[in-house]
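Engineer: Sharing run18.cif (mmCIF, C-alpha atoms) below.
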data_query
loop_
_atom_site.group_PDB
_atom_site.id
_atom_site.type_symbol
_atom_site.label_atom_id
_atom_site.label_comp_id
_atom_site.auth_asym_id
_atom_site.auth_seq_id
_atom_site.Cartn_x
_atom_site.Cartn_y
_atom_site.Cartn_z
ATOM 1 C CA MET A 1 16.034 -20.609 -55.851
ATOM 2 C CA SER A 2 14.043 -17.534 -54.685
ATOM 3 C CA THR A 3 15.671 -15.008 -52.357
ATOM 4 C CA ARG A 4 12.288 -13.981 -50.984
ATOM 5 C CA PRO A 5 11.934 -14.498 -47.214
ATOM 6 C CA GLY A 6 10.663 -17.892 -46.243
ATOM 7 C CA PRO A 7 7.627 -18.670 -44.025
ATOM 8 C CA ALA A 8 9.807 -18.588 -40.883
ATOM 9 C CA VAL A 9 10.496 -14.892 -41.405
ATOM 10 C CA TYR A 10 6.805 -14.061 -41.671
ATOM 11 C CA VAL A 11 6.029 -16.063 -38.551
ATOM 12 C CA ALA A 12 8.909 -14.396 -36.704
ATOM 13 C CA GLY A 13 7.669 -11.011 -37.940
ATOM 14 C CA LEU A 14 4.183 -11.639 -36.580
ATOM 15 C CA VAL A 15 5.540 -12.796 -33.223
ATOM 16 C CA ALA A 16 7.891 -9.802 -33.078
ATOM 17 C CA LEU A 17 5.035 -7.421 -33.899
ATOM 18 C CA LEU A 18 2.836 -8.854 -31.159
ATOM 19 C CA LEU A 19 5.655 -8.736 -28.616
ATOM 20 C CA PHE A 20 6.601 -5.194 -29.615
ATOM 21 C CA ALA A 21 3.003 -3.996 -29.304
ATOM 22 C CA GLY A 22 2.617 -5.714 -25.923
ATOM 23 C CA PHE A 23 5.852 -4.310 -24.504
ATOM 24 C CA MET A 24 5.020 -0.803 -25.749
ATOM 25 C CA ALA A 25 1.540 -0.999 -24.213
ATOM 26 C CA LEU A 26 3.019 -2.045 -20.871
ATOM 27 C CA GLY A 27 5.571 0.775 -21.058
ATOM 28 C CA ILE A 28 2.878 3.361 -21.776
ATOM 29 C CA TRP A 29 0.788 1.940 -18.917
ATOM 30 C CA GLN A 30 3.746 2.418 -16.577
ATOM 31 C CA ILE A 31 4.024 6.052 -17.691
ATOM 32 C CA GLU A 32 0.400 6.541 -16.677
ATOM 33 C CA ARG A 33 0.912 4.664 -13.400
ATOM 34 C CA ARG A 34 3.979 6.759 -12.592
ATOM 35 C CA ALA A 35 2.043 9.985 -13.145
ATOM 36 C CA TRP A 36 -0.749 8.666 -10.905
ATOM 37 C CA LYS A 37 1.734 7.615 -8.197
ATOM 38 C CA LEU A 38 3.554 10.963 -8.206
ATOM 39 C CA ASN A 39 0.229 12.761 -7.902
ATOM 40 C CA LEU A 40 -0.784 10.473 -5.018
ATOM 41 C CA ILE A 41 2.518 11.125 -3.231
ATOM 42 C CA ASP A 42 2.007 14.882 -3.568
ATOM 43 C CA GLN A 43 -1.559 14.635 -2.273
ATOM 44 C CA VAL A 44 -0.572 12.508 0.733
ATOM 45 C CA ALA A 45 2.334 14.819 1.564
ATOM 46 C CA ALA A 46 -0.054 17.786 1.544
ATOM 47 C CA ARG A 47 -2.504 15.970 3.847
ATOM 48 C CA ALA A 48 0.197 14.713 6.202
ATOM 49 C CA HIS A 49 1.605 18.196 6.782
ATOM 50 C CA ALA A 50 -1.710 20.025 7.045
ATOM 51 C CA ALA A 51 -3.260 21.186 10.308
ATOM 52 C CA PRO A 52 -5.317 18.477 12.082
ATOM 53 C CA VAL A 53 -9.038 18.453 11.346
ATOM 54 C CA ALA A 54 -12.049 16.880 13.034
ATOM 55 C CA PRO A 55 -12.565 13.170 12.363
ATOM 56 C CA PRO A 56 -15.036 12.339 9.576
ATOM 57 C CA GLY A 57 -18.388 11.531 11.117
ATOM 58 C CA PRO A 58 -21.056 8.969 10.185
ATOM 59 C CA THR A 59 -22.468 11.054 7.321
ATOM 60 C CA GLY A 60 -19.112 10.935 5.550
ATOM 61 C CA TRP A 61 -18.055 7.344 6.305
ATOM 62 C CA GLY A 62 -19.347 5.978 3.016
ATOM 63 C CA ALA A 63 -16.992 8.246 1.059
ATOM 64 C CA ILE A 64 -13.805 7.375 2.970
ATOM 65 C CA SER A 65 -11.119 5.960 0.681
ATOM 66 C CA ALA A 66 -7.366 5.476 0.579
ATOM 67 C CA THR A 67 -7.074 7.785 -2.423
ATOM 68 C CA THR A 68 -8.793 10.772 -0.831
ATOM 69 C CA ASP A 69 -8.313 10.324 2.918
ATOM 70 C CA ALA A 70 -5.326 8.142 3.864
ATOM 71 C CA TYR A 71 -2.830 9.949 6.128
ATOM 72 C CA ARG A 72 -5.094 12.928 6.672
ATOM 73 C CA ARG A 73 -4.194 14.718 9.923
ATOM 74 C CA ILE A 74 -6.910 14.160 12.543
ATOM 75 C CA ARG A 75 -7.624 15.689 15.963
ATOM 76 C CA LEU A 76 -9.687 13.623 18.380
ATOM 77 C CA ASP A 77 -11.297 14.952 21.564
ATOM 78 C CA GLY A 78 -12.914 12.505 23.919
ATOM 79 C CA VAL A 79 -12.200 9.561 26.222
ATOM 80 C CA LEU A 80 -10.217 6.345 25.775
ATOM 81 C CA ASP A 81 -11.999 3.075 26.606
ATOM 82 C CA ASN A 82 -8.984 1.220 27.994
ATOM 83 C CA SER A 83 -11.109 -1.737 29.089
ATOM 84 C CA ARG A 84 -11.681 -2.775 25.474
ATOM 85 C CA GLU A 85 -8.280 -2.260 23.908
ATOM 86 C CA THR A 86 -6.683 -4.759 21.508
ATOM 87 C CA LEU A 87 -3.046 -5.702 21.066
ATOM 88 C CA VAL A 88 -2.114 -6.209 17.423
ATOM 89 C CA ARG A 89 1.145 -7.786 16.345
ATOM 90 C CA ALA A 90 3.618 -5.202 15.040
ATOM 91 C CA ALA A 91 7.012 -5.124 13.353
ATOM 92 C CA THR A 92 8.583 -1.692 13.758
ATOM 93 C CA ALA A 93 11.897 0.127 13.755
ATOM 94 C CA LEU A 94 11.910 -0.516 17.507
ATOM 95 C CA GLY A 95 11.544 -4.258 17.032
ATOM 96 C CA SER A 96 8.723 -6.775 17.153
ATOM 97 C CA GLY A 97 5.919 -6.204 19.596
ATOM 98 C CA TYR A 98 2.363 -4.926 19.591
ATOM 99 C CA TRP A 99 0.250 -1.969 18.564
ATOM 100 C CA VAL A 100 -2.080 -0.829 21.341
ATOM 101 C CA VAL A 101 -5.416 -0.236 19.613
ATOM 102 C CA THR A 102 -7.904 1.474 21.915
ATOM 103 C CA PRO A 103 -11.511 2.588 21.304
ATOM 104 C CA PHE A 104 -11.837 6.374 21.591
ATOM 105 C CA ARG A 105 -15.279 7.789 22.371
ATOM 106 C CA THR A 106 -15.356 11.166 20.647
ATOM 107 C CA HIS A 107 -17.272 14.219 21.797
ATOM 108 C CA GLN A 108 -19.217 13.928 18.536
ATOM 109 C CA GLY A 109 -20.807 10.692 19.809
ATOM 110 C CA PHE A 110 -19.091 8.024 17.716
ATOM 111 C CA THR A 111 -16.089 5.794 18.354
ATOM 112 C CA VAL A 112 -12.754 5.739 16.564
ATOM 113 C CA LEU A 113 -10.156 3.020 17.046
ATOM 114 C CA VAL A 114 -6.832 4.650 17.910
ATOM 115 C CA ASN A 115 -3.489 2.966 17.459
ATOM 116 C CA ARG A 116 -1.817 4.578 20.452
ATOM 117 C CA GLY A 117 1.594 3.162 19.518
ATOM 118 C CA TYR A 118 4.084 0.376 20.049
ATOM 119 C CA VAL A 119 4.834 -1.705 23.132
ATOM 120 C CA SER A 120 7.461 -4.414 23.390
ATOM 121 C CA PRO A 121 6.495 -7.927 24.515
ATOM 122 C CA GLU A 122 7.850 -7.061 27.971
ATOM 123 C CA GLN A 123 5.655 -3.931 28.167
ATOM 124 C CA ARG A 124 2.412 -5.490 27.012
ATOM 125 C CA THR A 125 0.955 -5.470 30.528
ATOM 126 C CA ASN A 126 2.641 -2.312 31.755
ATOM 127 C CA TYR A 127 2.058 0.902 29.840
ATOM 128 C CA ALA A 128 0.257 4.224 30.235
ATOM 129 C CA LYS A 129 -3.550 4.175 30.123
ATOM 130 C CA PRO A 130 -4.852 7.757 30.320
ATOM 131 C CA THR A 131 -8.281 8.292 31.848
ATOM 132 C CA GLY A 132 -10.596 11.243 31.538
ATOM 133 C CA PRO A 133 -10.897 13.660 28.624
ATOM 134 C CA VAL A 134 -7.879 13.674 26.307
ATOM 135 C CA THR A 135 -6.902 15.086 22.930
ATOM 136 C CA ILE A 136 -5.093 12.895 20.410
ATOM 137 C CA THR A 137 -3.729 13.912 17.043
ATOM 138 C CA GLY A 138 -2.548 11.533 14.357
ATOM 139 C CA TYR A 139 -3.058 10.140 10.871
ATOM 140 C CA LEU A 140 -6.241 8.687 9.461
ATOM 141 C CA ARG A 141 -5.500 5.147 8.295
ATOM 142 C CA ILE A 142 -7.567 2.788 6.188
ATOM 143 C CA THR A 143 -8.706 -0.452 7.806
ATOM 144 C CA GLU A 144 -6.580 -3.566 7.275
ATOM 145 C CA PRO A 145 -9.057 -6.426 6.806
ATOM 146 C CA LYS A 146 -8.476 -10.141 7.421
ATOM 147 C CA GLY A 147 -4.916 -10.210 8.733
ATOM 148 C CA GLY A 148 -1.239 -9.973 7.942
ATOM 149 C CA PHE A 149 0.917 -11.739 5.385
ATOM 150 C CA LEU A 150 0.156 -15.491 5.609
ATOM 151 C CA ARG A 151 -1.450 -14.970 9.033
ATOM 152 C CA SER A 152 -5.160 -14.432 9.481
ATOM 153 C CA ASN A 153 -6.664 -12.689 12.467
ATOM 154 C CA ASP A 154 -8.158 -15.091 15.013
ATOM 155 C CA PRO A 155 -10.546 -13.058 17.192
ATOM 156 C CA ALA A 156 -11.652 -16.100 19.201
ATOM 157 C CA ALA A 157 -8.067 -16.773 20.272
ATOM 158 C CA GLY A 158 -7.261 -13.088 20.714
ATOM 159 C CA LYS A 159 -4.614 -13.187 17.997
ATOM 160 C CA TRP A 160 -4.490 -10.089 15.812
ATOM 161 C CA TYR A 161 -2.075 -9.462 12.944
ATOM 162 C CA SER A 162 -3.713 -6.440 11.339
ATOM 163 C CA ARG A 163 -5.788 -3.477 12.380
ATOM 164 C CA ASP A 164 -9.079 -4.735 10.994
ATOM 165 C CA VAL A 165 -11.522 -2.117 12.257
ATOM 166 C CA ALA A 166 -14.759 -4.037 11.666
ATOM 167 C CA ALA A 167 -13.452 -7.293 13.156
ATOM 168 C CA ILE A 168 -11.986 -5.592 16.231
ATOM 169 C CA ALA A 169 -15.188 -3.596 16.782
ATOM 170 C CA THR A 170 -17.255 -6.781 16.617
ATOM 171 C CA ALA A 171 -14.916 -8.702 18.923
ATOM 172 C CA ARG A 172 -15.002 -5.885 21.494
ATOM 173 C CA GLY A 173 -18.753 -5.308 21.290
ATOM 174 C CA LEU A 174 -18.410 -1.764 19.953
ATOM 175 C CA SER A 175 -21.069 0.113 17.999
ATOM 176 C CA ASN A 176 -21.150 3.276 15.888
ATOM 177 C CA VAL A 177 -17.463 2.802 15.029
ATOM 178 C CA ALA A 178 -15.741 4.761 12.264
ATOM 179 C CA PRO A 179 -14.547 2.555 9.361
ATOM 180 C CA TYR A 180 -10.992 3.870 9.738
ATOM 181 C CA PHE A 181 -8.458 4.034 12.550
ATOM 182 C CA VAL A 182 -6.033 6.734 13.656
ATOM 183 C CA ASP A 183 -2.290 6.329 14.183
ATOM 184 C CA ALA A 184 -1.502 8.534 17.168
ATOM 185 C CA ASP A 185 1.408 10.971 17.205
ATOM 186 C CA LYS A 186 4.231 10.558 19.707
ATOM 187 C CA SER A 187 2.829 11.360 23.138
ATOM 188 C CA GLY A 188 5.932 11.489 25.311
ATOM 189 C CA THR A 189 5.082 8.367 27.303
ATOM 190 C CA ALA A 190 7.627 5.563 27.584
ATOM 191 C CA ALA A 191 4.960 3.160 26.350
ATOM 192 C CA PRO A 192 3.129 2.959 24.112
ATOM 193 C CA VAL A 193 5.393 4.768 21.651
ATOM 194 C CA GLY A 194 3.394 6.703 19.069
ATOM 195 C CA GLY A 195 4.557 8.608 16.047
ATOM 196 C CA LEU A 196 5.908 5.559 14.212
ATOM 197 C CA THR A 197 3.742 5.908 11.116
ATOM 198 C CA ILE A 198 5.783 5.416 7.951
ATOM 199 C CA ILE A 199 4.470 7.470 5.066
ATOM 200 C CA ALA A 200 6.113 5.917 2.042
ATOM 201 C CA PHE A 201 4.901 4.694 -1.313
ATOM 202 C CA PRO A 202 7.163 2.533 -3.498
ATOM 203 C CA ASN A 203 7.594 4.196 -6.884
ATOM 204 C CA ASN A 204 9.415 1.852 -9.243
ATOM 205 C CA HIS A 205 7.355 2.752 -12.282
ATOM 206 C CA LEU A 206 10.251 4.513 -14.050
ATOM 207 C CA VAL A 207 12.336 1.335 -13.845
ATOM 208 C CA TYR A 208 9.432 -0.786 -15.074
ATOM 209 C CA MET A 209 8.736 1.673 -17.902
ATOM 210 C CA LEU A 210 12.342 1.604 -19.103
ATOM 211 C CA THR A 211 12.385 -2.186 -18.845
ATOM 212 C CA TRP A 212 9.318 -2.613 -21.046
ATOM 213 C CA PHE A 213 10.570 -0.128 -23.639
ATOM 214 C CA ALA A 214 13.991 -1.820 -23.651
ATOM 215 C CA LEU A 215 12.332 -5.174 -24.283
ATOM 216 C CA ALA A 216 10.362 -3.623 -27.145
ATOM 217 C CA ALA A 217 13.597 -2.327 -28.693
ATOM 218 C CA MET A 218 15.323 -5.670 -28.178
ATOM 219 C CA THR A 219 12.439 -7.405 -29.946
ATOM 220 C CA ILE A 220 12.973 -5.254 -33.049
ATOM 221 C CA VAL A 221 16.731 -5.800 -32.950
ATOM 222 C CA ALA A 222 16.272 -9.569 -32.585
ATOM 223 C CA PHE A 223 13.897 -9.641 -35.556
ATOM 224 C CA ILE A 224 16.317 -7.655 -37.738
ATOM 225 C CA VAL A 225 19.150 -10.035 -36.827
ATOM 226 C CA PHE A 226 16.938 -13.012 -37.629
ATOM 227 C CA VAL A 227 15.979 -11.564 -41.022
ATOM 228 C CA ARG A 228 19.600 -10.868 -41.911
ATOM 229 C CA GLN A 229 20.691 -14.359 -40.904
ATOM 230 C CA ASP A 230 17.883 -15.859 -42.955
ATOM 231 C CA ALA A 231 18.893 -13.733 -45.967
ATOM 232 C CA ARG A 232 22.528 -14.822 -45.649
ATOM 233 C CA LYS A 233 21.502 -18.474 -45.494
ATOM 234 C CA ARG A 234 19.382 -18.115 -48.603
ATOM 235 C CA GLN A 235 22.120 -16.240 -50.446
ATOM 236 C CA GLY A 236 24.624 -18.927 -49.502
ATOM 237 C CA ALA A 237 22.290 -21.559 -50.855
ATOM 238 C CA LEU A 238 22.035 -19.674 -54.155
ATOM 239 C CA ASP A 239 25.812 -19.295 -54.421
ATOM 240 C CA THR A 240 26.308 -23.047 -54.102
#
Please go through the file and, once you have read it, give me the structure as structure tokens.

Structural biologist:
Amino acid sequence: MSTRPGPAVYVAGLVALLLFAGFMALGIWQIERRAWKLNLIDQVAARAHAAPVAPPGPTGWGAISATTDAYRRIRLDGVLDNSRETLVRAATALGSGYWVVTPFRTHQGFTVLVNRGYVSPEQRTNYAKPTGPVTITGYLRITEPKGGFLRSNDPAAGKWYSRDVAAIATARGLSNVAPYFVDADKSGTAAPVGGLTIIAFPNNHLVYMLTWFALAAMTIVAFIVFVRQDARKRQGALDT
């Protein structure tokens, strides 16, 4: 009887090779993703701690993106349009409640939706509404289209679960509205409470990378064990 590996070993070898290559590719991809994420975190941190700048105007709206503009510090000068504000469902460190999203007519002639901050359900009809010229600083945020997790915005019913700039602008009859919104800094008022923006990016790529590489190593080990067991079986057959 031949001691050469049987067909099962060759099949197992092919499967092991494919799995090994796939796991290694995923591990290398996670290395690249981790480098990208670390770079993004550094960029956002630099923007978030920089001096506030003027809001991007209409000529620059087409270039706005999460990669290049999210969490940029913004300074707005103009007037709040309290008559057309929108309450958006919110879950915060202060509890469940609402974001007060108010149109802000800038001195530059366009409108920016401003998330002035959080109000509790009890405060939703009783909070500060500044009139006249004001200055607001905060973070540029990218629009949140459609709605929240498993809950779609329902403009007709006045139910909002995300800060969808285009939908809110349409529902409130606004024009010349920036395609982003601004999370306002803490203002000192009892309500709404600003300054609740959480700047955090999950970075689990190192764990994923190690997992994929570990699976690649385990694939090789499993194949070696299989080959040895097959060889022992064949040797035992020869001995008998």

Engineer: Determine the nearest neighbour of A:Ala8 from the options A:Ala128, A:Gln229, A:Val182, A:Gly236, counting all atoms listed in the file.

Structural biologist: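 Nearest candidate to A:Ala8 out of A:Ala128, A:Gln229, A:Val182, A:Gly236: A:Gln229.
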
Engineer: Could you give me, as a ChimeraX atom specification, the residues within 12 Å of A:Pro5, counting all atoms listed in the file and dropping anything in the same chain fewer than 4 positions from it?

Structural biologist: /A:1,9-13,226-235

Engineer: Taking into account only C-alpha atoms, which residue in the set A:Gly57, A:Gly195, A:Gly22, A:Gly148 is nearest to A:Ala90?

Structural biologist: A:Gly148

Engineer: Name every residue that the PyMOL selection byres ((chain A and resi 107-119) around 7) selects in this structure, writing the answer as a PyMOL selection string with chains first and numbers rising.

Structural biologist: chain A and resi 77-78+97-106+120-121+123-124+176-178+181-184+191-194

Engineer: Residues at most 9 Å from A:Arg34, counting only C-alpha atoms, excluding those fewer than 5 positions away in the same chain, as a ChimeraX atom specification?

Structural biologist: /A:29,39,203-206,209

Engineer: Can you pull out the residues contacting A:Met24? Cut-off 12 Å, using only C-alpha atoms, and skip same-chain residues under 4 positions away; I want them as a list in words.

Structural biologist: Ala16, Leu17, Leu18, Leu19, Phe20, Ile28, Trp29, Gln30, Ile31, Tyr208, Met209, Leu210, Thr211, Trp212, Phe213, Ala214, Leu215, Ala216, Ala217, Met218, Thr219 and Ile220 of chain A

Engineer: Would you kindly return, as a list of chain:residue names, each protein, DNA or RNA residue with an atom no farther than 7 Å from any atom of stretch 42-50 of chain A, considering all atoms listed in the file and excluding same-chain residues fewer than 6 positions away?

Structural biologist: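 Listed by chain and then number, they are A:Tyr71, A:Arg72, A:Arg73.
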
Engineer: In Å, with one decimal, what is the gap from atom CA of A:Arg141 to atom CA of A:Tyr161?

Structural biologist: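 Between atom CA of A:Arg141 and atom CA of A:Tyr161 the gap works out to 15.7 Å.
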
Engineer: Using the chain letters and numbering of this document, enumerate as a ChimeraX atom specification the residues selected by the PyMOL selection byres ((chain A and resi 153) around 12).

Structural biologist: /A:87-89,144-152,154-168,171
